[in-house]
Structure formats: C-alpha cells, structure tokens
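protein_5.txt (compact mmCIF, C-alpha atoms) appears below.
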# COMPACT_ATOMS: atom_id res chain seq x y z
CA MET O 989 0.00 0.00 0.00
CA PRO O 990 1.50 3.39 -1.00
CA ALA O 991 2.61 5.68 1.79
CA THR O 992 0.25 8.51 2.64
CA LYS O 993 1.24 12.14 2.33
CA LYS O 994 1.32 12.41 6.13
CA GLU O 995 3.65 9.42 6.39
CA ILE O 996 5.99 10.87 3.77
CA LEU O 997 6.08 14.25 5.50
CA SER O 998 6.85 12.55 8.82
CA ARG O 999 10.14 11.33 7.35
CA LEU O 1000 11.46 14.80 6.57
CA ASN O 1001 14.05 16.73 8.58
CA ASN O 1002 12.17 17.86 11.71
CA ASN O 1003 14.16 21.09 11.79
CA PHE O 1004 12.24 22.35 8.76
CA ALA O 1005 9.18 22.61 10.97
CA LYS O 1006 10.96 25.37 12.90
CA LEU O 1007 11.28 27.56 9.84
CA THR O 1008 8.99 30.29 8.62
CA PRO O 1009 8.41 30.72 4.87
CA GLY O 1010 10.83 32.87 2.90
CA GLU O 1011 9.18 36.14 3.84
CA ILE O 1012 11.22 38.34 1.52
CA ARG O 1013 10.53 36.27 -1.58
CA GLU O 1014 6.91 35.73 -0.57
CA PHE O 1015 6.27 39.45 -0.05
CA ASP O 1016 8.05 40.27 -3.30
CA TYR O 1017 5.89 37.71 -5.09
CA GLN O 1018 2.69 39.15 -3.66
CA VAL O 1019 3.41 42.78 -4.50
CA SER O 1020 4.76 41.92 -7.94
CA ALA O 1021 1.19 41.24 -9.03
CA ILE O 1022 0.17 44.86 -8.37
CA PRO O 1023 -0.24 46.72 -11.70
CA GLY O 1024 2.35 49.46 -12.21
CA ILE O 1025 4.46 48.44 -9.20
CA ILE O 1026 8.05 49.74 -8.99
CA LYS O 1027 10.12 47.07 -7.28
CA LEU O 1028 12.85 48.11 -4.86
CA THR O 1029 12.75 44.75 -3.11
CA LEU O 1030 15.44 42.26 -4.14
CA GLY O 1031 19.21 42.69 -4.24
CA GLU O 1032 19.40 41.99 -7.97
CA PRO O 1033 21.86 44.28 -9.83
CA ASP O 1034 20.35 45.84 -12.94
CA PHE O 1035 23.70 45.85 -14.76
CA ASN O 1036 24.56 43.31 -17.42
CA VAL O 1037 27.44 40.88 -16.93
CA PRO O 1038 30.63 42.65 -18.13
CA ALA O 1039 31.67 41.76 -21.67
CA ALA O 1040 34.96 40.16 -20.62
CA MET O 1041 33.15 37.73 -18.34
CA LYS O 1042 30.59 36.82 -21.00
CA GLN O 1043 33.29 36.24 -23.59
CA ALA O 1044 35.24 34.03 -21.21
CA ALA O 1045 32.14 31.89 -20.70
CA ILE O 1046 31.56 31.68 -24.45
CA ASP O 1047 35.19 30.71 -25.07
CA SER O 1048 34.96 28.02 -22.42
CA ILE O 1049 31.82 26.56 -23.99
CA ASN O 1050 33.37 26.63 -27.47
CA ALA O 1051 36.42 24.83 -26.08
CA ASN O 1052 34.15 22.06 -24.77
CA ASP O 1053 35.26 22.78 -21.22
CA SER O 1054 32.27 21.00 -19.72
CA HIS O 1055 33.76 18.05 -17.87
CA TYR O 1056 33.87 17.34 -14.16
CA ALA O 1057 35.87 19.83 -12.15
CA PRO O 1058 37.50 19.09 -8.79
CA GLY O 1059 35.04 19.29 -5.91
CA ASN O 1060 36.60 22.50 -4.63
CA GLY O 1061 36.76 24.17 -8.06
CA THR O 1062 39.33 24.25 -10.83
CA PHE O 1063 42.83 25.18 -9.78
CA ALA O 1064 42.85 28.11 -12.23
CA LEU O 1065 39.79 29.60 -10.54
CA ARG O 1066 41.22 29.06 -7.07
CA GLN O 1067 44.43 30.77 -8.18
CA ALA O 1068 42.41 33.71 -9.50
CA ILE O 1069 40.55 33.95 -6.19
CA ALA O 1070 43.81 33.84 -4.24
CA HIS O 1071 45.18 36.67 -6.40
CA PHE O 1072 41.94 38.65 -5.90
CA MET O 1073 42.12 38.31 -2.11
CA GLN O 1074 45.77 39.35 -2.00
CA ASP O 1075 45.32 42.24 -4.43
CA ARG O 1076 42.20 43.70 -2.82
CA TYR O 1077 42.51 42.83 0.86
CA LYS O 1078 46.14 41.81 1.50
CA LEU O 1079 45.06 38.32 2.50
CA GLU O 1080 47.19 35.29 1.65
CA TYR O 1081 45.42 32.01 0.88
CA ASP O 1082 46.91 28.89 -0.64
CA PRO O 1083 44.78 27.95 -3.67
CA LYS O 1084 45.67 24.31 -3.11
CA ASN O 1085 43.97 23.86 0.24
CA GLU O 1086 42.58 27.15 1.60
CA ILE O 1087 39.98 28.07 -1.02
CA ALA O 1088 36.84 26.23 -2.12
CA VAL O 1089 34.44 27.26 -4.88
CA THR O 1090 30.75 27.11 -3.98
CA VAL O 1091 27.42 27.41 -5.78
CA GLY O 1092 27.11 31.09 -4.98
CA ALA O 1093 27.66 32.62 -1.58
CA THR O 1094 24.35 31.05 -0.50
CA GLU O 1095 25.74 27.54 -0.74
CA GLY O 1096 28.86 28.91 0.92
CA ILE O 1097 26.76 29.92 3.94
CA PHE O 1098 25.32 26.41 4.17
CA ALA O 1099 28.70 24.72 3.69
CA SER O 1100 30.51 26.85 6.26
CA LEU O 1101 27.80 26.58 8.91
CA SER O 1102 27.54 22.84 8.24
CA THR O 1103 31.23 22.60 9.01
CA ILE O 1104 30.93 23.99 12.53
CA ILE O 1105 27.41 23.23 13.80
CA ASN O 1106 26.49 20.18 15.83
CA PRO O 1107 22.91 19.87 17.11
CA GLY O 1108 22.39 22.29 19.99
CA ASP O 1109 25.35 24.55 19.13
CA GLU O 1110 24.72 28.26 19.54
CA ILE O 1111 25.56 30.67 16.72
CA ILE O 1112 25.65 34.41 17.44
CA ILE O 1113 23.94 36.44 14.69
CA PRO O 1114 23.80 40.25 14.90
CA THR O 1115 20.45 41.55 13.67
CA PRO O 1116 18.85 42.94 11.55
CA THR O 1117 20.38 40.52 9.07
CA PHE O 1118 19.84 38.39 6.00
CA PRO O 1119 17.39 35.72 7.28
CA PHE O 1120 19.15 32.81 5.58
CA TYR O 1121 21.79 32.62 8.34
CA MET O 1122 19.15 31.88 10.96
CA ALA O 1123 17.28 29.49 8.69
CA VAL O 1124 20.37 27.40 7.94
CA THR O 1125 21.39 27.38 11.60
CA LYS O 1126 17.97 25.93 12.51
CA ILE O 1127 18.04 23.39 9.68
CA LEU O 1128 21.36 22.10 11.00
CA GLY O 1129 19.98 21.80 14.52
CA GLY O 1130 21.81 24.84 15.83
CA ILE O 1131 20.40 27.65 17.94
CA PRO O 1132 20.63 31.19 16.55
CA ILE O 1133 21.38 33.81 19.22
CA GLU O 1134 20.04 37.07 17.85
CA VAL O 1135 21.84 40.24 18.95
CA ASP O 1136 19.88 43.45 18.38
CA THR O 1137 22.34 46.09 17.09
CA SER O 1138 19.78 48.80 16.33
CA SER O 1139 20.83 50.89 19.36
CA ASP O 1140 24.46 50.93 18.12
CA ASP O 1141 23.81 52.11 14.55
CA PHE O 1142 23.57 48.47 13.44
CA VAL O 1143 27.17 47.63 14.39
CA LEU O 1144 28.14 44.82 16.77
CA THR O 1145 30.32 46.42 19.43
CA PRO O 1146 32.93 44.57 21.49
CA ALA O 1147 30.99 45.44 24.66
CA LYS O 1148 27.78 43.93 23.31
CA LEU O 1149 29.60 40.81 22.09
CA GLN O 1150 31.20 40.38 25.53
CA SER O 1151 27.77 40.70 27.12
CA VAL O 1152 26.34 38.03 24.82
CA LEU O 1153 29.28 35.70 25.49
CA ALA O 1154 28.75 36.11 29.22
CA GLU O 1155 25.23 34.72 28.74
CA HIS O 1156 26.25 32.16 26.12
CA PRO O 1157 29.83 31.10 27.00
CA ASN O 1158 29.63 27.99 24.83
CA ALA O 1159 28.61 29.78 21.63
CA LYS O 1160 30.33 28.08 18.71
CA GLY O 1161 30.33 30.72 16.00
CA LEU O 1162 29.63 34.31 15.01
CA VAL O 1163 28.12 35.39 11.69
CA LEU O 1164 29.28 38.78 10.42
CA ASN O 1165 27.82 40.23 7.23
CA TYR O 1166 29.35 43.54 6.18
CA PRO O 1167 28.64 45.65 4.28
CA SER O 1168 25.28 44.59 5.60
CA ASN O 1169 22.15 43.32 3.98
CA PRO O 1170 19.73 44.93 4.90
CA THR O 1171 21.23 48.06 6.47
CA GLY O 1172 24.07 48.94 4.10
CA VAL O 1173 26.19 49.58 7.22
CA THR O 1174 29.79 48.41 7.28
CA TYR O 1175 32.64 48.40 9.81
CA THR O 1176 35.59 50.77 9.87
CA GLN O 1177 39.08 49.37 10.23
CA ASP O 1178 39.18 50.45 13.89
CA GLN O 1179 35.80 48.81 14.60
CA ILE O 1180 36.88 45.54 13.00
CA LYS O 1181 40.18 45.52 14.84
CA ALA O 1182 38.46 46.13 18.18
CA LEU O 1183 35.97 43.34 17.50
CA ALA O 1184 38.79 40.99 16.45
CA ASP O 1185 40.67 41.76 19.68
CA THR O 1186 37.64 40.53 21.62
CA ILE O 1187 37.15 37.43 19.47
CA LYS O 1188 40.78 36.28 19.57
CA SER O 1189 40.47 35.54 23.29
CA THR O 1190 37.60 33.14 22.55
CA ASN O 1191 37.12 29.91 20.59
CA LEU O 1192 34.56 31.49 18.28
CA ILE O 1193 34.72 30.71 14.58
CA VAL O 1194 33.69 33.71 12.51
CA ILE O 1195 31.67 33.24 9.34
CA ALA O 1196 32.42 36.52 7.57
CA ASP O 1197 30.02 37.05 4.68
CA GLU O 1198 31.79 39.77 2.70
CA ILE O 1199 29.85 39.38 -0.55
CA TYR O 1200 29.43 43.19 -0.77
CA SER O 1201 33.08 43.97 -0.02
CA GLU O 1202 33.70 45.48 -3.45
CA LEU O 1203 30.78 47.89 -2.98
CA VAL O 1204 32.09 50.15 -0.21
CA TYR O 1205 31.73 53.90 -0.66
CA GLY O 1206 34.38 56.42 0.35
CA ALA O 1207 36.52 53.89 2.19
CA THR O 1208 38.33 50.57 1.80
CA HIS O 1209 36.88 47.30 3.04
CA THR O 1210 38.82 45.70 5.89
CA SER O 1211 38.33 41.99 6.38
CA ILE O 1212 38.29 40.62 9.90
CA ALA O 1213 40.57 37.88 8.53
CA ASN O 1214 43.33 40.50 8.46
CA TYR O 1215 43.39 40.21 12.26
CA ILE O 1216 42.12 36.71 13.14
CA PRO O 1217 42.71 34.57 10.02
CA GLU O 1218 42.93 31.35 12.02
CA GLN O 1219 39.37 31.85 13.31
CA THR O 1220 37.73 33.15 10.12
CA LEU O 1221 35.96 31.65 7.14
CA ILE O 1222 35.38 34.31 4.48
CA LEU O 1223 32.47 34.07 2.05
CA ASN O 1224 32.52 36.05 -1.17
CA GLY O 1225 31.70 35.75 -4.87
CA VAL O 1226 30.85 37.54 -8.09
CA SER O 1227 27.07 37.89 -7.75
CA LYS O 1228 26.91 41.44 -6.39
CA SER O 1229 30.25 42.90 -7.45
CA HIS O 1230 30.06 41.78 -11.09
CA ALA O 1231 26.27 41.48 -11.56
CA MET O 1232 26.68 37.72 -12.10
CA THR O 1233 23.87 36.53 -9.83
CA GLY O 1234 22.73 33.80 -12.23
CA TYR O 1235 26.20 32.30 -12.60
CA ARG O 1236 26.16 31.04 -8.99
CA ILE O 1237 29.88 31.43 -8.33
CA GLY O 1238 30.95 31.97 -4.75
CA PHE O 1239 33.85 30.85 -2.60
CA ILE O 1240 34.98 30.16 0.94
CA ALA O 1241 38.50 31.03 2.05
CA GLY O 1242 40.03 30.10 5.37
CA PRO O 1243 42.88 28.33 7.18
CA GLN O 1244 43.72 24.84 6.04
CA GLU O 1245 42.62 23.30 9.34
CA LEU O 1246 39.06 24.60 8.88
CA MET O 1247 38.95 24.19 5.13
CA LYS O 1248 39.61 20.46 5.43
CA SER O 1249 36.04 20.13 6.66
CA VAL O 1250 34.45 22.50 4.16
CA SER O 1251 32.82 20.66 1.30
CA ALA O 1252 32.26 22.59 -1.91
CA ILE O 1253 29.70 20.76 -4.04
CA HIS O 1254 29.18 22.06 -7.54
CA VAL O 1255 31.19 24.33 -9.80
CA MET O 1256 29.74 25.95 -12.91
CA LEU O 1257 30.96 28.41 -15.51
CA VAL O 1258 34.36 28.76 -13.86
CA ALA O 1259 36.02 30.43 -16.87
CA ALA O 1260 33.74 33.46 -16.55
CA ALA O 1261 34.57 33.70 -12.86
CA VAL O 1262 38.32 33.57 -13.55
CA ALA O 1263 37.90 36.61 -15.80
CA ALA O 1264 35.95 38.39 -13.07
CA PHE O 1265 38.51 37.79 -10.33
CA ASP O 1266 41.77 37.99 -12.23
CA THR O 1267 41.55 40.59 -15.03
CA ASN O 1268 41.70 44.37 -15.26
CA GLU O 1269 38.34 44.23 -17.04
CA GLY O 1270 36.80 42.62 -13.98
CA LYS O 1271 38.18 45.30 -11.67
CA THR O 1272 37.15 48.15 -14.00
CA ALA O 1273 33.61 46.82 -14.36
CA THR O 1274 33.21 46.62 -10.59
CA GLN O 1275 34.46 50.19 -10.16
CA GLU O 1276 32.01 51.50 -12.75
CA MET O 1277 29.12 49.73 -11.04
CA LYS O 1278 30.17 51.04 -7.64
CA GLU O 1279 30.25 54.61 -8.91
CA ALA O 1280 26.72 54.22 -10.27
CA TYR O 1281 25.51 52.72 -6.98
CA ASP O 1282 27.16 55.58 -5.09
CA GLN O 1283 25.16 58.14 -7.10
CA ARG O 1284 21.95 56.17 -6.63
CA ARG O 1285 22.56 55.88 -2.89
CA ASP O 1286 22.98 59.65 -2.54
CA PHE O 1287 19.82 60.26 -4.56
CA VAL O 1288 17.71 57.86 -2.49
CA VAL O 1289 19.12 58.98 0.88
CA ASN O 1290 18.71 62.69 0.13
CA ASN O 1291 15.14 62.29 -1.05
CA LEU O 1292 14.12 60.05 1.84
CA GLN O 1293 15.59 62.50 4.33
CA LYS O 1294 13.64 65.34 2.73
CA LEU O 1295 10.50 63.28 3.30
CA GLY O 1296 11.33 62.92 6.98
CA PHE O 1297 12.64 59.35 7.00
CA LYS O 1298 15.31 58.65 9.62
CA LEU O 1299 18.18 56.48 8.42
CA ILE O 1300 21.88 55.79 8.63
CA ASN O 1301 23.73 56.64 5.44
CA PRO O 1302 24.81 53.27 3.96
CA GLN O 1303 28.56 52.82 3.52
CA GLY O 1304 28.25 49.74 1.33
CA ALA O 1305 26.09 47.21 -0.52
CA PHE O 1306 23.03 48.68 -2.27
CA TYR O 1307 20.39 48.95 0.44
CA VAL O 1308 18.88 51.75 2.53
CA PHE O 1309 17.33 50.80 5.87
CA ALA O 1310 14.89 53.56 6.78
CA LYS O 1311 12.62 54.16 9.79
CA ILE O 1312 8.97 54.32 8.76
CA PRO O 1313 6.80 57.39 9.54
CA GLU O 1314 5.70 57.76 13.17
CA GLN O 1315 2.01 57.34 12.43
CA TYR O 1316 2.69 53.68 11.55
CA GLY O 1317 4.47 52.97 14.83
CA ASN O 1318 6.50 49.80 14.31
CA ASP O 1319 4.08 48.17 11.86
CA ASP O 1320 6.50 48.01 8.93
CA LEU O 1321 4.48 45.24 7.25
CA LYS O 1322 1.39 47.47 7.09
CA PHE O 1323 3.44 50.41 5.82
CA ALA O 1324 5.10 48.30 3.11
CA THR O 1325 1.77 46.77 2.11
CA ASP O 1326 0.03 50.16 1.93
CA LEU O 1327 2.94 51.66 0.01
CA ALA O 1328 2.75 48.82 -2.51
CA ASN O 1329 -1.01 48.96 -2.98
CA GLU O 1330 -1.48 52.72 -2.88
CA GLY O 1331 1.92 54.14 -3.81
CA LYS O 1332 2.88 51.42 -6.32
CA VAL O 1333 6.35 51.02 -4.76
CA ALA O 1334 7.52 47.69 -3.38
CA VAL O 1335 9.98 47.61 -0.48
CA ILE O 1336 10.76 44.93 2.12
CA PRO O 1337 9.51 45.20 5.73
CA GLY O 1338 12.40 45.49 8.16
CA SER O 1339 10.93 42.98 10.61
CA PHE O 1340 11.74 40.23 8.10
CA PHE O 1341 15.41 40.70 9.03
CA GLY O 1342 15.12 39.82 12.68
CA THR O 1343 15.31 41.63 16.01
CA GLY O 1344 15.92 45.36 15.65
CA GLY O 1345 14.36 45.54 12.22
CA GLN O 1346 10.86 46.33 13.39
CA GLY O 1347 9.64 49.73 12.22
CA TYR O 1348 12.05 49.90 9.28
CA ILE O 1349 11.91 49.18 5.56
CA ARG O 1350 14.67 48.01 3.27
CA ILE O 1351 14.98 49.75 -0.09
CA SER O 1352 17.23 48.24 -2.75
CA TYR O 1353 18.77 50.78 -5.11
CA ALA O 1354 20.12 48.08 -7.43
CA THR O 1355 17.87 49.44 -10.15
CA SER O 1356 17.95 52.28 -12.67
CA MET O 1357 17.86 55.98 -11.81
CA GLU O 1358 14.68 56.17 -13.86
CA ASN O 1359 12.99 53.62 -11.60
CA LEU O 1360 14.38 55.26 -8.47
CA THR O 1361 13.15 58.68 -9.56
CA ARG O 1362 9.65 57.38 -10.21
CA ALA O 1363 9.70 55.41 -6.96
CA LEU O 1364 10.73 58.40 -4.83
CA ASP O 1365 8.09 60.56 -6.51
CA ASN O 1366 5.49 57.92 -5.65
CA ILE O 1367 6.75 57.60 -2.07
CA ALA O 1368 6.56 61.38 -1.69
CA ALA O 1369 2.98 61.41 -2.96
CA PHE O 1370 2.08 58.53 -0.64
CA ILE O 1371 3.65 60.19 2.42
CA ASN O 1372 2.08 63.58 1.68
CA LYS O 1373 -1.30 61.90 1.28
CA GLU O 1374 -0.83 60.23 4.64
CA ASP O 1375 0.00 63.59 6.22
Could I get this structure in the form of structure tokens?
Amino acid sequence: MPATKKEILSRLNNNFAKLTPGEIREFDYQVSAIPGIIKLTLGEPDFNVPAAMKQAAIDSINANDSHYAPGNGTFALRQAIAHFMQDRYKLEYDPKNEIAVTVGATEGIFASLSTIINPGDEIIIPTPTFPFYMAVTKILGGIPIEVDTSSDDFVLTPAKLQSVLAEHPNAKGLVLNYPSNPTGVTYTQDQIKALADTIKSTNLIVIADEIYSELVYGATHTSIANYIPEQTLILNGVSKSHAMTGYRIGFIAGPQELMKSVSAIHVMLVAAAVAAFDTNEGKTATQEMKEAYDQRRDFVVNNLQKLGFKLINPQGAFYVFAKIPEQYGNDDLKFATDLANEGKVAVIPGSFFGTGGQGYIRISYATSMENLTRALDNIAAFINKED
C-alpha cells in the first residue's frame, strides 16, 4: 500500500518545521502582481554581466570545457581567487587547500555553517540581518542567538559581544555580514580591529560574509581575517560585485585546518569567474558599477531625508534601511503593504530581518535611476497623502 502524504512528511528533517516561509521572496511575489508596481525589493543588480566575463564563458563553452571539475573548483579559478584576495585585501590564501568554490555565496553559507554546527550549538547572529543565516542554523539543529544592534547604529560592538558571550559562553560561532544586507552599514578598520581583539580571546569561529566587499563607498573594506585569520571563514563571490547573480559562483577562504572540513559541491561556468577575479576588465567593471551605486545611494538617501525618514547613510552594498513614519508605529508590514497597494512602490519590511528591524523598511537601489526617480516621486505622494 502506498505511503500517505502524512507518512511521507513525517520522514522529513524535523528542523524544517521550525522555519517560517521565505518572507522576503513571498512578499516580493505578492506585491509583484500589483499593476504598475516599482520594485525596490530584491538585491538583484540591474547591470549586465561585463563583456569580458561573457566572452570568457563563451570561449569556455566553445572549447568544450564542460567536464567534471574538482570538488573545490578548478585550480585556475582558485588561483584567480587567491590573487583577488591578495590584491584587494592583503590576505594570503593557498589555492591548493585554503579556497573552495561554492554554488554562490548562498551555498557557501550552508557549507561553512555545516562545518561547525552540531545539534544544539549556539551561533551568534547580529540583527537585523539576511534571514538565511538563521534558517540554515535551525536546519542544521543549531540555535541562533540574535543580537539586536539597532541601538548601536547596526554595528556589533565589542561590549555587546562580551555581554552576549557572558550569557552564552559555549557559543560556537559568530556570523558577520558587512557591508550589511539589509542596512548597508559596514565596519571601519578600527571597529573591526576592536571586534577581532575581543574574538581572539575566545574559541569562536567567525563566518564573515563579505559578498558586498567590493561595494564600499568612500573607504576601503577591511576583512576581519586581516586580524584573526585562524578563526575566520570568508564568504565572497561575483554575484553582487560583477552582476553575475545567475552564474552562482561563490567561494569560501580560510585556514587549512578549517577548510579540510568545508565541502564545496558544484562548480559551474568557472572560466567566466576567472575573468571576473583575475583581469583588469573585472576590476574596471566593478568600479564602474560602484560609482553608479554611489550616485543612486545619494539620490535615495537625500530624497528620503527630505521626506522625513530617519536612516543611517549606507557605507556599502546597495540597500537603505529607513525608519517608517511615526504614524505607523513599528508596523512596517502594514506600511510596506500600503505603500505597494497605494503608492505602487515595493519595499521589504524590516521585521523580516530579525530583532531590531521592526519599524524599518529596506529599499534596494540596485535598479535604474529612472525607476528610483519614479519610486521616490510615488513615495513622496504617498507620504504627503498620509499627512
């Protein structure tokens, strides 16, 4: 007799029952059906893949380079990544055993957390943050320890980390995402060094998601691995910096002792990624995109401030995290829903990003100036109507 649906479901990983649906994607899906909607929801760059990267992929296909690659990526790609890390961030990684290619940074998050989490392990996650970290932690049987950073301008301070460690002395890991999704906030060199000084006296393993490291405005990104390399797994890739989201090329870099346990599963289109990491064309394309994002950021921030929104000027990524008008209190879901239905602008409620996100909205400016101009005009009309 065939198994019933209930019997089949009973055989699934019980940790999935602890998860909530993908709120960001679900909300985006719902508002996308609204006629005339201007979407400022997802972190999807509106730029095309740079020509050099596309040509490298074409050349690879024409050369019939479609056979199995090593599990941790081709050596040429790992060499390119090693050169990229040294050139940009003064970090030395051996391409033989300290770098692994992943299916985007998303698979890198899963692979790195899988490496360190045993059931019941606590993982410290500063919030607001990208929800996937907490979801993966739960799937693996870990316990996410949310740390509300909203009172510290969305930065994890050494004092707050020490306070959390006093309550959770057996915490296994710390997730750092900077520049941050959703806030656009990043850490200065002094802030990172001070945090590293606190961490080095612990056994914490840091998962440093630095996927937006190439999109820092008016400063240079400093990796925490510059100070505690033996305790850090870095996640990065080409999705955001080179507008190659669909190529699914990410990587993990870390000390050999940790990387032994990191399993990279699939590698695709590695020739295009080599061109992104290891050519002048790749660097130039990133710089041009960053300059465009910088202009868009200033436009969005200035206009939101004129409308009375309170926010911290983003130093990186392509998101603005803004406090909603006082008349809505902390009901960011209602504000975002009303804005979508009445103002025809789609943003993401801040509460989707965890503790400290309530009462905020995330706006992605990874879209054209034309769309941003129309969106801000619509937001202004919506706010003035509310007044």
Checklist entry - Which one of O:Glu1155, O:Glu1011, O:Asp1140, O:Glu1245 sits closest to Phe1120 (chain O) if you count all atoms listed in the file? => result O:Glu1011
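In this model, the gap between CA of Lys1181 (chain O) and CA of Thr1145 (chain O) comes to 10.9 Å.
Distances to Arg1285 (chain O) were evaluated for O:Gln1150, O:Ser1352, O:Asn1329, O:Thr1233 using all atoms listed in the file, and the minimum falls at O:Ser1352.
Every protein, DNA or RNA residue with an atom at most 10 Å from Asp1365 (chain O), where all atoms listed in the file count and chain neighbours fewer than 5 positions away do not, is listed here: Asn1291, Gly1331, Val1333, Asn1359, Leu1360, Phe1370 and Ile1371 of chain O.
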Checklist entry - What is the CA of Pro1313 (chain O)-CA of Gly1010 (chain O) distance in Å, reported with one decimal? => result 25.7 Å
Once you count only C-alpha atoms, what closest atom pair and distance in Å to one decimal does each residue of region 1057-1126 of chain O within 12 Å of region 1187-1199 of chain O have, with rows by chain and rising residue number, as JSON lines?
{"residue": "O:Met1073", "atom": "CA", "partner": "O:Glu1198", "partner_atom": "CA", "distance": 11.5}
{"residue": "O:Tyr1077", "atom": "CA", "partner": "O:Glu1198", "partner_atom": "CA", "distance": 11.3}
{"residue": "O:Gly1092", "atom": "CA", "partner": "O:Ile1199", "partner_atom": "CA", "distance": 9.8}
{"residue": "O:Ala1093", "atom": "CA", "partner": "O:Ile1199", "partner_atom": "CA", "distance": 7.2}
{"residue": "O:Thr1094", "atom": "CA", "partner": "O:Asp1197", "partner_atom": "CA", "distance": 9.7}
{"residue": "O:Glu1095", "atom": "CA", "partner": "O:Asp1197", "partner_atom": "CA", "distance": 11.8}
{"residue": "O:Gly1096", "atom": "CA", "partner": "O:Asp1197", "partner_atom": "CA", "distance": 9.0}
{"residue": "O:Ile1097", "atom": "CA", "partner": "O:Asp1197", "partner_atom": "CA", "distance": 7.9}
{"residue": "O:Phe1098", "atom": "CA", "partner": "O:Ile1195", "partner_atom": "CA", "distance": 10.7}
{"residue": "O:Ala1099", "atom": "CA", "partner": "O:Ile1195", "partner_atom": "CA", "distance": 10.6}
{"residue": "O:Ser1100", "atom": "CA", "partner": "O:Ile1195", "partner_atom": "CA", "distance": 7.2}
{"residue": "O:Leu1101", "atom": "CA", "partner": "O:Ile1195", "partner_atom": "CA", "distance": 7.7}
{"residue": "O:Ser1102", "atom": "CA", "partner": "O:Ile1195", "partner_atom": "CA", "distance": 11.2}
{"residue": "O:Thr1103", "atom": "CA", "partner": "O:Ile1193", "partner_atom": "CA", "distance": 10.4}
{"residue": "O:Ile1104", "atom": "CA", "partner": "O:Ile1193", "partner_atom": "CA", "distance": 8.0}
{"residue": "O:Ile1105", "atom": "CA", "partner": "O:Ile1193", "partner_atom": "CA", "distance": 10.5}
{"residue": "O:Asp1109", "atom": "CA", "partner": "O:Leu1192", "partner_atom": "CA", "distance": 11.6}
{"residue": "O:Glu1110", "atom": "CA", "partner": "O:Leu1192", "partner_atom": "CA", "distance": 10.4}
{"residue": "O:Ile1111", "atom": "CA", "partner": "O:Leu1192", "partner_atom": "CA", "distance": 9.2}
{"residue": "O:Ile1112", "atom": "CA", "partner": "O:Leu1192", "partner_atom": "CA", "distance": 9.4}
{"residue": "O:Ile1113", "atom": "CA", "partner": "O:Ile1195", "partner_atom": "CA", "distance": 9.9}
{"residue": "O:Pro1114", "atom": "CA", "partner": "O:Ala1196", "partner_atom": "CA", "distance": 11.9}
{"residue": "O:Thr1117", "atom": "CA", "partner": "O:Asp1197", "partner_atom": "CA", "distance": 11.1}
{"residue": "O:Phe1118", "atom": "CA", "partner": "O:Asp1197", "partner_atom": "CA", "distance": 10.4}
{"residue": "O:Phe1120", "atom": "CA", "partner": "O:Asp1197", "partner_atom": "CA", "distance": 11.7}
{"residue": "O:Tyr1121", "atom": "CA", "partner": "O:Ile1195", "partner_atom": "CA", "distance": 9.9}
I'd like the box whose edges run along x, y and z of the file and which contains every listed atom of region 1133-1141 of chain O, padded by 6 Å per side; could you state its centre and edge lengths in Å, one decimal, as JSON?
{"center_x": 22.1, "center_y": 43.0, "center_z": 17.0, "size_x": 16.7, "size_y": 30.3, "size_z": 16.8}
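Closest approach to Phe1239 (chain O) from the set O:Gly1347, O:Gly1225, O:Gly1338, O:Gly1130 is made by O:Gly1225, with distances taken over all atoms listed in the file.
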Next on the checklist: Could you list, as number ranges by chain, every residue within 7 Å of region 1305-1310 of chain O, counting only C-alpha atoms and ignoring same-chain residues fewer than 5 positions away?
Outcome noted: O: 1167-1172, 1200, 1203-1204, 1281, 1297-1299, 1348-1354
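Counting from CA of Ala1280 (chain O), the distance to CA of Thr1210 (chain O) is 21.9 Å.
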Given the point (7.0, 59.0, 1.7) in the file's coordinates, find the residues that have an atom at most 10 Å from it, counting all atoms listed in the file, and give them as a PDB file with C-alpha atoms, in the frame of the given file.
ATOM      1  CA  ASN O1291      15.140  62.290  -1.050  1.00  0.00           C
ATOM      2  CA  LEU O1292      14.120  60.050   1.840  1.00  0.00           C
ATOM      3  CA  GLN O1293      15.590  62.500   4.330  1.00  0.00           C
ATOM      4  CA  LYS O1294      13.640  65.340   2.730  1.00  0.00           C
ATOM      5  CA  LEU O1295      10.500  63.280   3.300  1.00  0.00           C
ATOM      6  CA  GLY O1296      11.330  62.920   6.980  1.00  0.00           C
ATOM      7  CA  PHE O1297      12.640  59.350   7.000  1.00  0.00           C
ATOM      8  CA  ILE O1312       8.970  54.320   8.760  1.00  0.00           C
ATOM      9  CA  PRO O1313       6.800  57.390   9.540  1.00  0.00           C
ATOM     10  CA  LEU O1327       2.940  51.660   0.010  1.00  0.00           C
ATOM     11  CA  GLY O1331       1.920  54.140  -3.810  1.00  0.00           C
ATOM     12  CA  ALA O1363       9.700  55.410  -6.960  1.00  0.00           C
ATOM     13  CA  LEU O1364      10.730  58.400  -4.830  1.00  0.00           C
ATOM     14  CA  ASP O1365       8.090  60.560  -6.510  1.00  0.00           C
ATOM     15  CA  ASN O1366       5.490  57.920  -5.650  1.00  0.00           C
ATOM     16  CA  ILE O1367       6.750  57.600  -2.070  1.00  0.00           C
ATOM     17  CA  ALA O1368       6.560  61.380  -1.690  1.00  0.00           C
ATOM     18  CA  ALA O1369       2.980  61.410  -2.960  1.00  0.00           C
ATOM     19  CA  PHE O1370       2.080  58.530  -0.640  1.00  0.00           C
ATOM     20  CA  ILE O1371       3.650  60.190   2.420  1.00  0.00           C
ATOM     21  CA  ASN O1372       2.080  63.580   1.680  1.00  0.00           C
ATOM     22  CA  LYS O1373      -1.300  61.900   1.280  1.00  0.00           C
ATOM     23  CA  GLU O1374      -0.830  60.230   4.640  1.00  0.00           C
ATOM     24  CA  ASP O1375       0.000  63.590   6.220  1.00  0.00           C
TER      25      ASP O1375
END
